[in-house]
$ cat my_file_0.cif   # mmCIF, C-alpha atoms
data_model
#
loop_
_atom_site.label_atom_id
_atom_site.label_comp_id
_atom_site.auth_asym_id
_atom_site.auth_seq_id
_atom_site.Cartn_x
_atom_site.Cartn_y
_atom_site.Cartn_z
CA MET A 1 -5.27 15.95 18.52
CA SER A 2 -2.24 15.78 16.27
CA ALA A 3 -1.68 13.01 13.77
CA PRO A 4 1.09 10.57 14.70
CA THR A 5 4.43 10.21 12.98
CA VAL A 6 4.30 7.24 10.62
CA THR A 7 7.35 4.99 10.49
CA VAL A 8 7.67 3.05 7.24
CA ALA A 9 10.01 0.05 7.43
CA GLY A 10 11.04 -1.56 4.17
CA GLU A 11 13.14 -1.67 1.08
CA ALA A 12 14.22 1.18 -1.16
CA LEU A 13 15.85 0.46 -4.48
CA VAL A 14 16.51 1.88 -7.92
CA ASP A 15 14.14 0.89 -10.72
CA VAL A 16 16.06 0.34 -13.95
CA VAL A 17 13.27 0.96 -16.47
CA LEU A 18 13.85 -0.59 -19.89
CA GLY A 19 12.28 0.89 -23.00
CA ASP A 20 13.40 3.02 -25.91
CA THR A 21 15.95 4.35 -23.42
CA VAL A 22 17.13 3.06 -20.05
CA ARG A 23 16.05 5.14 -17.06
CA GLU A 24 17.10 4.74 -13.44
CA VAL A 25 14.59 6.09 -10.92
CA PRO A 26 14.16 5.64 -7.15
CA GLY A 27 11.62 2.98 -6.23
CA GLY A 28 10.62 0.19 -3.90
CA SER A 29 7.10 -0.22 -2.54
CA PRO A 30 7.76 0.96 1.04
CA ALA A 31 9.85 3.86 -0.26
CA ASN A 32 6.95 4.87 -2.48
CA VAL A 33 4.55 4.71 0.46
CA ALA A 34 6.88 6.90 2.54
CA LEU A 35 7.10 9.36 -0.36
CA GLY A 36 3.33 9.42 -0.78
CA LEU A 37 2.69 9.97 2.92
CA ALA A 38 5.13 12.87 3.06
CA ARG A 39 3.61 14.50 -0.02
CA LEU A 40 0.19 14.23 1.63
CA GLY A 41 1.46 16.14 4.64
CA CYS A 42 2.30 13.31 7.02
CA ASP A 43 5.36 13.33 9.27
CA VAL A 44 7.29 10.30 8.01
CA GLU A 45 10.33 8.39 9.20
CA PHE A 46 11.71 5.78 6.78
CA ALA A 47 13.72 2.83 8.08
CA THR A 48 15.52 1.10 5.22
CA ARG A 49 18.94 -0.12 4.08
CA LEU A 50 20.92 1.60 1.31
CA GLY A 51 24.43 1.52 0.01
CA ASP A 52 26.56 4.63 0.35
CA ASP A 53 26.82 4.86 -3.42
CA GLU A 54 25.45 6.96 -6.26
CA ARG A 55 22.17 5.04 -6.39
CA GLY A 56 21.71 5.23 -2.63
CA ARG A 57 22.34 8.98 -2.60
CA ARG A 58 19.83 9.41 -5.43
CA ILE A 59 17.17 7.69 -3.31
CA VAL A 60 18.01 9.80 -0.26
CA ASP A 61 17.83 13.04 -2.25
CA HIS A 62 14.55 11.99 -3.88
CA LEU A 63 12.77 11.18 -0.63
CA GLU A 64 14.22 14.00 1.44
CA ALA A 65 13.08 16.50 -1.19
CA SER A 66 9.49 15.56 -0.31
CA GLY A 67 10.06 15.67 3.45
CA VAL A 68 10.87 12.05 4.33
CA ARG A 69 13.30 11.59 7.24
CA PHE A 70 15.62 8.56 7.30
CA ALA A 71 15.93 6.50 10.47
CA PRO A 72 19.41 5.97 11.92
CA GLY A 73 21.18 2.97 10.40
CA SER A 74 19.50 3.28 7.01
CA LEU A 75 22.83 3.69 5.20
CA GLY A 76 25.73 1.25 5.14
CA ALA A 77 24.73 -1.67 2.91
CA ASP A 78 27.32 -3.07 0.52
CA ARG A 79 25.29 -1.79 -2.42
CA THR A 80 21.91 -0.30 -3.24
CA SER A 81 19.40 -2.83 -4.52
CA THR A 82 17.85 -2.63 -7.99
CA ALA A 83 14.74 -3.79 -9.82
CA THR A 84 14.77 -4.07 -13.60
CA VAL A 85 11.37 -2.98 -14.88
CA ARG A 86 9.84 -3.90 -18.23
CA LEU A 87 6.54 -2.21 -19.10
CA GLY A 88 4.04 -4.42 -20.87
CA ASP A 89 0.72 -3.68 -22.55
CA GLY A 90 -1.18 -0.90 -20.82
CA GLY A 91 1.92 0.25 -18.97
CA GLN A 92 1.86 -2.70 -16.56
CA PRO A 93 5.26 -3.38 -14.96
CA ARG A 94 7.16 -6.67 -14.71
CA TYR A 95 10.12 -6.82 -12.33
CA GLU A 96 13.45 -8.62 -11.98
CA PHE A 97 15.16 -7.96 -8.63
CA ASP A 98 18.74 -7.75 -7.41
CA ILE A 99 18.20 -7.22 -3.70
CA VAL A 100 19.78 -8.07 -0.38
CA TRP A 101 17.61 -7.04 2.54
CA ASP A 102 18.72 -6.28 6.08
CA LEU A 103 17.47 -3.71 8.58
CA ALA A 104 18.89 -2.13 11.72
CA ASP A 105 16.73 -2.27 14.83
CA LEU A 106 14.39 0.70 15.05
CA PRO A 107 15.61 3.28 17.58
CA GLY A 108 12.19 3.55 19.22
CA THR A 109 8.68 2.14 19.15
CA PRO A 110 6.52 3.75 16.44
CA ALA A 111 3.11 5.23 17.07
CA TRP A 112 2.12 4.00 13.59
CA LEU A 113 4.23 1.46 11.68
CA HIS A 114 3.67 0.61 8.02
CA VAL A 115 5.28 -2.57 6.65
CA GLY A 116 5.03 -4.80 3.62
CA SER A 117 6.39 -5.95 0.28
CA ILE A 118 9.77 -7.67 -0.05
CA ALA A 119 10.87 -6.38 3.35
CA ALA A 120 8.20 -8.44 5.10
CA PHE A 121 9.41 -11.74 3.61
CA LEU A 122 13.10 -11.65 2.70
CA ARG A 123 15.43 -12.60 5.53
CA PRO A 124 17.29 -11.47 7.50
CA GLY A 125 15.55 -8.09 7.37
CA ALA A 126 12.06 -9.63 7.44
CA ASP A 127 12.61 -10.89 10.98
CA THR A 128 13.50 -7.37 12.13
CA VAL A 129 10.33 -6.05 10.45
CA LEU A 130 8.22 -8.68 12.23
CA GLU A 131 9.78 -7.88 15.58
CA ALA A 132 9.12 -4.15 15.03
CA ALA A 133 5.46 -4.94 14.29
CA ARG A 134 5.19 -7.05 17.43
CA ARG A 135 6.77 -4.34 19.55
CA THR A 136 4.57 -1.62 18.04
CA ALA A 137 1.35 -3.53 18.62
CA ALA A 138 2.35 -4.55 22.15
CA ALA A 139 3.13 -0.94 23.07
CA GLY A 140 -0.24 0.32 21.85
CA GLY A 141 0.82 1.59 18.43
CA ALA A 142 -0.93 0.79 15.17
CA VAL A 143 0.41 -1.38 12.35
CA SER A 144 -0.65 -1.20 8.71
CA PHE A 145 0.37 -3.97 6.31
CA ASP A 146 0.41 -4.31 2.51
CA PRO A 147 1.90 -7.70 1.50
CA ASN A 148 2.49 -6.64 -2.15
CA VAL A 149 3.84 -10.14 -2.73
CA ARG A 150 6.65 -10.86 -5.19
CA PRO A 151 6.43 -14.65 -5.67
CA ALA A 152 9.80 -14.86 -7.41
CA LEU A 153 11.50 -13.63 -4.21
CA LEU A 154 9.52 -15.68 -1.72
CA GLY A 155 9.88 -19.19 -0.42
CA SER A 156 6.97 -21.59 -0.57
CA ARG A 157 3.41 -20.32 -0.60
CA SER A 158 2.81 -21.89 2.81
CA GLU A 159 5.79 -20.04 4.31
CA ALA A 160 4.68 -16.74 2.78
CA LEU A 161 1.09 -17.25 3.93
CA ALA A 162 2.24 -17.96 7.49
CA ARG A 163 4.15 -14.67 7.55
CA VAL A 164 1.21 -12.76 6.02
CA GLU A 165 -1.21 -14.11 8.61
CA GLU A 166 1.22 -13.43 11.46
CA LEU A 167 1.60 -9.80 10.40
CA ALA A 168 -2.12 -9.45 9.64
CA ALA A 169 -2.91 -10.59 13.18
CA LEU A 170 -0.79 -7.70 14.50
CA ALA A 171 -2.20 -5.12 12.09
CA ALA A 172 -5.04 -2.68 12.55
CA VAL A 173 -5.18 -2.20 8.75
CA VAL A 174 -4.42 -4.71 5.98
CA LYS A 175 -4.55 -3.76 2.30
CA LEU A 176 -3.68 -6.11 -0.55
CA SER A 177 -4.40 -6.54 -4.25
CA ASP A 178 -6.64 -9.21 -5.71
CA GLU A 179 -3.54 -10.77 -7.28
CA ASP A 180 -1.87 -10.94 -3.88
CA ALA A 181 -5.02 -12.58 -2.54
CA ALA A 182 -5.23 -15.07 -5.40
CA TRP A 183 -1.62 -16.16 -4.88
CA LEU A 184 -1.90 -16.44 -1.10
CA TRP A 185 -5.35 -18.05 -0.95
CA PRO A 186 -5.91 -19.82 -4.30
CA GLY A 187 -9.57 -20.20 -5.19
CA ALA A 188 -10.84 -17.83 -2.48
CA ASP A 189 -12.93 -14.91 -3.66
CA PRO A 190 -12.17 -11.42 -2.33
CA ASP A 191 -14.98 -11.56 0.21
CA ALA A 192 -13.58 -14.75 1.70
CA VAL A 193 -10.14 -13.15 1.89
CA LEU A 194 -11.57 -10.09 3.62
CA ASP A 195 -13.40 -12.34 6.07
CA ARG A 196 -10.15 -14.15 6.84
CA LEU A 197 -8.23 -10.93 7.47
CA LEU A 198 -10.94 -9.58 9.76
CA ALA A 199 -11.05 -12.89 11.64
CA LEU A 200 -7.29 -12.62 12.22
CA GLY A 201 -7.91 -9.30 13.98
CA ALA A 202 -7.64 -6.49 11.42
CA GLY A 203 -10.00 -3.62 12.11
CA LEU A 204 -10.09 -2.68 8.41
CA ALA A 205 -9.29 -4.92 5.45
CA VAL A 206 -9.08 -3.75 1.84
CA VAL A 207 -8.74 -5.65 -1.43
CA THR A 208 -7.96 -3.61 -4.53
CA VAL A 209 -9.08 -5.03 -7.86
CA GLY A 210 -7.24 -2.98 -10.45
CA ALA A 211 -9.56 -1.20 -12.85
CA GLY A 212 -12.46 -2.67 -10.86
CA GLY A 213 -11.77 -0.40 -7.89
CA SER A 214 -11.54 -1.65 -4.31
CA VAL A 215 -13.54 -3.36 -1.59
CA LEU A 216 -13.23 -2.08 1.98
CA ALA A 217 -14.53 -4.13 4.92
CA THR A 218 -14.92 -3.97 8.66
CA GLU A 219 -16.88 -6.32 10.88
CA GLY A 220 -19.97 -4.18 10.45
CA ALA A 221 -19.79 -2.81 6.89
CA ARG A 222 -18.49 -3.66 3.45
CA VAL A 223 -18.48 -1.49 0.35
CA ALA A 224 -17.26 -1.73 -3.24
CA VAL A 225 -15.84 1.55 -4.54
CA PRO A 226 -15.23 2.03 -8.29
CA ALA A 227 -11.88 3.17 -9.58
CA GLU A 228 -11.52 6.79 -10.56
CA ARG A 229 -11.75 7.17 -14.34
CA THR A 230 -8.52 8.46 -15.84
CA ALA A 231 -6.22 8.08 -18.84
CA VAL A 232 -3.52 5.60 -17.84
CA VAL A 233 0.11 6.44 -18.68
CA ASP A 234 1.52 3.59 -16.59
CA THR A 235 0.57 1.88 -13.35
CA VAL A 236 3.90 1.96 -11.51
CA GLY A 237 3.28 3.01 -7.91
CA ALA A 238 -0.52 2.95 -8.09
CA GLY A 239 -0.96 0.40 -5.31
CA ASP A 240 1.58 2.20 -3.15
CA THR A 241 -0.35 5.43 -3.68
CA TYR A 242 -3.53 3.74 -2.49
CA SER A 243 -1.72 2.52 0.63
CA ALA A 244 -0.25 5.95 1.37
CA ALA A 245 -3.61 7.66 0.96
CA LEU A 246 -5.29 5.04 3.14
CA VAL A 247 -2.84 5.45 6.01
CA ARG A 248 -2.88 9.23 5.69
CA GLN A 249 -6.67 9.41 5.87
CA LEU A 250 -6.74 7.14 8.93
CA THR A 251 -3.96 8.89 10.83
CA ARG A 252 -5.75 12.22 10.43
CA GLN A 253 -8.63 10.95 12.53
CA SER A 254 -6.96 10.55 15.92
CA ASP A 255 -3.81 10.64 17.97
CA THR A 256 -2.81 7.00 17.65
CA GLN A 257 -0.55 7.05 20.71
CA ASP A 258 -3.63 7.67 22.84
CA ASP A 259 -5.86 5.48 20.68
CA GLY A 260 -3.80 2.37 20.01
CA PRO A 261 -4.91 -1.22 19.50
CA PRO A 262 -7.39 -2.45 20.45
CA HIS A 263 -8.86 1.07 20.36
CA VAL A 264 -7.78 1.73 16.76
CA ARG A 265 -9.42 -1.54 15.71
CA THR A 266 -12.57 -0.57 17.61
CA ARG A 267 -12.65 2.81 15.90
CA LEU A 268 -12.13 1.22 12.49
CA ARG A 269 -14.87 -1.32 13.12
CA ASP A 270 -17.23 1.57 13.78
CA LEU A 271 -16.75 2.96 10.25
CA ASP A 272 -20.10 2.84 8.46
CA HIS A 273 -20.87 2.42 4.76
CA ALA A 274 -20.69 6.14 4.05
CA SER A 275 -17.34 6.53 5.83
CA LEU A 276 -15.83 3.53 4.04
CA THR A 277 -17.07 4.82 0.69
CA GLU A 278 -15.54 8.24 1.31
CA LEU A 279 -12.27 6.59 2.37
CA GLY A 280 -12.17 4.37 -0.72
CA ARG A 281 -12.87 7.30 -3.04
CA ALA A 282 -10.06 9.35 -1.54
CA CYS A 283 -7.63 6.48 -2.08
CA SER A 284 -8.87 5.84 -5.63
CA ARG A 285 -8.54 9.51 -6.49
CA ALA A 286 -4.93 9.53 -5.30
CA ALA A 287 -4.09 6.38 -7.28
CA ALA A 288 -5.66 7.87 -10.40
CA VAL A 289 -3.26 10.82 -10.22
CA THR A 290 -0.29 8.45 -10.16
CA VAL A 291 -1.40 6.29 -13.09
CA GLY A 292 -1.94 9.46 -15.13
CA ARG A 293 1.78 10.23 -14.80
CA ARG A 294 4.96 8.56 -15.89
CA GLY A 295 6.52 6.45 -13.14
CA ALA A 296 5.85 6.46 -9.41
CA ASP A 297 5.18 10.21 -9.21
CA LEU A 298 2.81 10.18 -6.26
CA PRO A 299 0.44 13.11 -5.64
CA TYR A 300 0.77 16.04 -3.30
CA THR A 301 -2.22 17.27 -1.30
CA ALA A 302 -2.69 20.10 -3.81
CA ASP A 303 -3.01 17.60 -6.65
CA LEU A 304 -5.89 15.87 -4.92
CA SER A 305 -7.66 19.11 -4.06
CA THR A 306 -7.55 20.18 -7.71
CA ASP A 307 -8.66 16.79 -8.97
CA ALA A 308 -11.48 16.64 -6.45
CA ASP A 309 -12.79 20.03 -7.49
CA ARG A 310 -12.73 19.09 -11.15
CA SER A 311 -14.32 15.67 -10.74
CA VAL A 312 -16.99 16.35 -8.13
CA ASP A 313 -19.84 16.37 -10.63
CA ALA A 314 -18.71 13.12 -12.19
CA ASP A 315 -18.28 11.60 -8.73
CA ARG A 316 -21.84 12.45 -7.80
CA SER A 317 -23.46 11.34 -11.05
CA VAL A 318 -21.54 8.12 -11.64
CA ASP A 319 -19.65 6.87 -8.61
CA ALA A 320 -22.32 7.72 -6.04
CA ASP A 321 -24.88 5.59 -7.84
CA ARG A 322 -22.47 2.68 -8.09
CA SER A 323 -21.33 2.83 -4.49
CA ALA A 324 -24.92 3.16 -3.29
CA ASN A 325 -25.82 -0.02 -5.11
CA ALA A 326 -22.77 -1.74 -3.62
CA ASP A 327 -23.72 -0.49 -0.13
CA ARG A 328 -27.19 -2.02 -0.42
CA SER A 329 -25.95 -5.34 -1.74
CA THR A 330 -25.86 -8.49 0.37
CA GLY A 331 -22.67 -10.43 0.92
CA ALA A 332 -23.58 -12.74 -1.96
CA ASP A 333 -24.28 -9.77 -4.21
CA ARG A 334 -20.96 -8.18 -3.32
CA SER A 335 -18.97 -11.22 -4.33
CA THR A 336 -20.46 -11.11 -7.82
CA GLY A 337 -21.00 -7.36 -8.19
CA ALA A 338 -20.18 -5.45 -11.33
CA ASP A 339 -17.75 -3.26 -9.39
CA ARG A 340 -15.39 -6.22 -9.11
CA SER A 341 -13.09 -7.01 -12.01
CA THR A 342 -13.60 -10.34 -13.74
CA GLY A 343 -11.01 -13.08 -13.64
CA ALA A 344 -9.97 -12.07 -17.14
CA ASP A 345 -9.50 -8.47 -16.02
CA ARG A 346 -7.39 -9.46 -13.03
CA SER A 347 -5.20 -11.80 -15.03
CA THR A 348 -3.88 -8.85 -17.03
CA ASP A 349 -2.91 -6.80 -13.97
CA ALA A 350 0.61 -6.74 -12.55
CA PRO A 351 0.94 -7.11 -8.76
CA THR A 352 1.10 -3.34 -8.33
CA THR A 353 -1.59 -2.59 -10.90
CA THR A 354 -4.16 -0.97 -8.62
CA VAL A 355 -6.03 2.06 -9.85
CA GLY A 356 -8.63 1.93 -7.15
#
$ encode --input "my_file_0.cif" --output "structure tokens"
Amino acid sequence: MSAPTVTVAGEALVDVVLGDTVREVPGGSPANVALGLARLGCDVEFATRLGDDERGRRIVDHLEASGVRFAPGSLGADRTSTATVRLGDGGQPRYEFDIVWDLADLPGTPAWLHVGSIAAFLRPGADTVLEAARRTAAAGGAVSFDPNVRPALLGSRSEALARVEELAALAAVVKLSDEDAAWLWPGADPDAVLDRLLALGAGLAVVTVGAGGSVLATEGARVAVPAERTAVVDTVGAGDTYSAALVRQLTRQSDTQDDGPPHVRTRLRDLDHASLTELGRACSRAAAVTVGRRGADLPYTADLSTDADRSVDADRSVDADRSANADRSTGADRSTGADRSTGADRSTDAPTTTVG
């Protein structure tokens, strides 16, 4: 069976990167996910809102060069949004946004819809995103959701949490960072957050913990997967790379139009420890390629094949032992396991700082 087309609905903008020189590069979390999916061989449609200006055309050229198709109505905004990026210690980004978000109604109902980030929260476009998720789930499509919260652009925490839980209840897959989780559910450990997302109805829930890797959970299995070891240039786009790799791996496994919710959720719940570990490693490997490069330069399939060949011995000797220990751990062990980053580690990570 063929893999479905993935529709990504969300913002695209230009990152104005400050440093020794000022660089302007295409960005935006959903745009990065669309880029990553296309580079991994997925058929991708991107529904967004851009100005018909120099910055907007730069984004279009950038994404189309990797095979992304734009949905009708994606052009026509008054201006293209921007994010001013300052890189801190360790290449971690801090953002200041100039964004107005609206979205035309999608021309059809996606087989697989990916949503998240600013587009899921900032009105009026956020309401269109929510309606698209409702329509997709009701028609038997699959929804994946990465909140990638930007507190400075959101309303109250309670309003943001209500939107997160509404979208999570529609989603087959929810992935978020530990910093997202800490902001949305203060005081809750990652296992409690995963439990909440699964209770809402997600078939697969993932929390990434920066340099500590990621934790993937279904109703029947939960594993901690270490981050891939790599020299970090900067972490821009790492979390988006993880999301793209996650969706790509899952859409390869079935024809979602014939296997929609609740069937997708059922299939995800059947993933065992070994399958979750393999999935987490593939996503960590992809994210490691991105952090080893300057900017959100997400990997192509060929990049991952080369990296996998070169790192297989290290994977078997180091990561396999760690993941095996995580697989055997109890729920209490998992919440305190060495594969998780400490509070001090997480406090130094930016919202998109996810290497694993």
$ resolve_selection --input "my_file_0.cif" --expression "the PyMOL selection byres ((chain A and resi 240-245) around 9)" --output "PyMOL selection string"
chain A and resi 29-38+40+144-146+148+175-176+208+236-239+246-250+279-280+282-290+296+298-299+352+354-356
$ atom_distance --input "my_file_0.cif" --atom1 "CA of Phe46 (chain A)" --atom2 "CA of Ala137 (chain A)"
18.3 Å
$ residues_around --input "my_file_0.cif" --residues "Gly28 (chain A)" --least-positions-apart "3" --cutoff "12 Å" --atoms "all atoms listed in the file" --output "PyMOL selection string"
chain A and resi 8-16+25+31-35+48-50+59+63+80-85+95+97-99+101+116-119+148+150+236-237+239-240+295-296+352
$ residues_around --input "my_file_0.cif" --residues "Ala133 (chain A)" --least-positions-apart "4" --cutoff "7 Å" --atoms "all atoms listed in the file" --output "list in words"
Val129, Ala137, Val143 and Leu170 of chain A
$ write_last_selection --input "my_file_0.cif" --atoms "C-alpha atoms" --output "CSV table (one decimal), keeping the file's coordinate frame"
chain,number,residue,atom,x,y,z
A,129,VAL,CA,10.3,-6.0,10.4
A,137,ALA,CA,1.4,-3.5,18.6
A,143,VAL,CA,0.4,-1.4,12.4
A,170,LEU,CA,-0.8,-7.7,14.5
$ atom_distance --input "my_file_0.cif" --atom1 "CA of Val149 (chain A)" --atom2 "CA of Asp180 (chain A)"
5.9 Å
$ residues_near_point --input "my_file_0.cif" --point "(12.3, -12.8, -8.8)" --cutoff "6 Å" --atoms "only C-alpha atoms" --output "ChimeraX atom specification"
/A:96-97,152-153
$ write_last_selection --input "my_file_0.cif" --atoms "C-alpha atoms" --output "PDB file, in the frame of the given file"
ATOM      1  CA  GLU A  96      13.450  -8.620 -11.980  1.00  0.00           C
ATOM      2  CA  PHE A  97      15.160  -7.960  -8.630  1.00  0.00           C
ATOM      3  CA  ALA A 152       9.800 -14.860  -7.410  1.00  0.00           C
ATOM      4  CA  LEU A 153      11.500 -13.630  -4.210  1.00  0.00           C
TER       5      LEU A 153
END
$ resolve_selection --input "my_file_0.cif" --expression "the PyMOL selection byres ((chain A and resi 155-163) around 8)" --output "list in words"
Ala120, Phe121, Pro151, Leu153, Leu154, Val164, Glu165, Glu166, Leu167, Trp183 and Leu184 of chain A
$ atom_distance --input "my_file_0.cif" --atom1 "CA of Gly213 (chain A)" --atom2 "CA of Val225 (chain A)"
5.6 Å
$ closest_residue --input "my_file_0.cif" --among "A:Pro93, A:Gly56, A:Gly140, A:Pro107" --to "Gly73 (chain A)" --atoms "all atoms listed in the file"
A:Pro107
$ closest_residue --input "my_file_0.cif" --among "A:Val215, A:Leu87, A:Leu103, A:Ala138" --to "Gly19 (chain A)" --atoms "all atoms listed in the file"
A:Leu87
$ axis_aligned_box --input "my_file_0.cif" --around "region 237-243 of chain A" --padding-each-side "4 Å" --output "lines of an AutoDock Vina configuration file"
center_x = -0.1
center_y = 2.9
center_z = -3.7
size_x = 14.8
size_y = 13.0
size_z = 16.7
$ closest_residue --input "my_file_0.cif" --among "A:Val115, A:Asp191, A:Asp20, A:Leu130" --to "Val174 (chain A)" --atoms "only C-alpha atoms"
A:Val115
